[in-house]
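Reading through the structure tokens given below for one structure.
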Amino acid sequence: MSDEIDEKQIIFDDDDGDENFIDLKDAVEVEEIDDDIPMDDDDNDGDVGAAKNNDEIASETMNEDAIEDMSLLTIASHKSSSVFSVASHFDKKSNTLSIITGGGDDKAFMHKMKDNNVSTIPLNHQHTDSVSCVATNESLVSDDLKKTPKYVAVGAYDGTIVLYNPDTGEKITVLDGPTDVEFVAFHKSGTVSDCNINLDVKQ
């Protein structure tokens with residue numbers, strides 16, 4: 001084989017390592033296309049504008065279709081703080097609804113509602129963390145209050161459970177626990193005569 005190569009031919013190695021020749025007129029020029037060309041900022045302007053317009057339309061629609069407040073009563077003792085727990089009891093004899101609330105302001109309140117008039121009694125134990133749970137045993141008591149006294153229980157993340165008189169809001173006792181109180185509920189244990197202060201507590 002001649003050592004000279006026709007200038008109209010090019011040489012290349014195939015997979016087996018053998019030399020092969022191809023006529024230059026059969027060669028095809030390949031143009032590489034770069035798909036990673038950065039997009040111009042102007043390309044997104046139309047979409048952004050449309051999104052803003054949609055947001056504005058949604059906002060205007062919400063203002064026009066404002067949700068009607070159909071509540072009968074609003075109690076705002078905790079002001080802007082979150083309310084974490086609510087318990088209630090309706091006393092048929094006195095026609096009074098009691099509502100106990102606890103919140104992120106470290107406070108608890110007892111509200112008495114009768115004939116659409118509401119009085120609020122602050123439950124005055126100074127908690128050092130959020131009041132997480134409240135409960136009342138008024139639906140469980142018997143006519144003999146010596147056997148089953150009425151209580152309101154207030155639990156907090158400071159590890160305390162405080163018992164109050166649900167009629168007056170007077171503090172009766174403080175139960176100190178080792179850690180956060182997350183749940184509290186009254187229950188009966190045995191007969192009514194055996195029932196004293198019996199609490200389910202989750203810490």
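Here's how to read the names in the structure tokens: chain A, B, ... by the order shown, residue numbers from 1 in each chain, ligand numbers from 1 in the order shown.
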
task = Find the residues near segment 131-135 of chain A: any atom within 10 Å, counting only C-alpha atoms, skip ones fewer than 4 places away on the same chain, and give them as a VMD selection string.
result = chain A and resid 83 to 89 99 to 109 127 151 to 163 180 to 186 199

query = Which one is closest to Phe90 of chain A: A:Pro122, A:Pro149, A:Ile75, A:Pro166? Count only C-alpha atoms.
reply =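 Comparing A:Pro122, A:Pro149, A:Ile75, A:Pro166 against Phe90 of chain A, the winner is A:Pro166.
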
inquiry  = With distances taken over only C-alpha atoms, which residue among A:Ala76, A:Ile172, A:Val141, A:Ala66 lies nearest Val118 of chain A?
reply    =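 That would be A:Ala76, the residue with the smallest distance to Val118 of chain A.
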
query = Quick one: residues within 12 Å of Asn117 of chain A, only C-alpha atoms counted, chain neighbours fewer than 6 positions away excluded, as a list in words?
reply =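 Surrounding residues, per the criterion: Leu72, Leu73, Thr74, Ile75, Asn95, Thr96, Leu97, Ser98 and His111 of chain A.
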
task = Could you pull out the residues in segment 45-193 of chain A that DSSP calls strand (DSSP E or B) from the backbone, as a VMD selection string?
result = chain A and resid 83 to 91 96 to 103 108 to 114 117 to 123 131 to 136 152 to 156 160 to 164 171 to 176 183 to 186
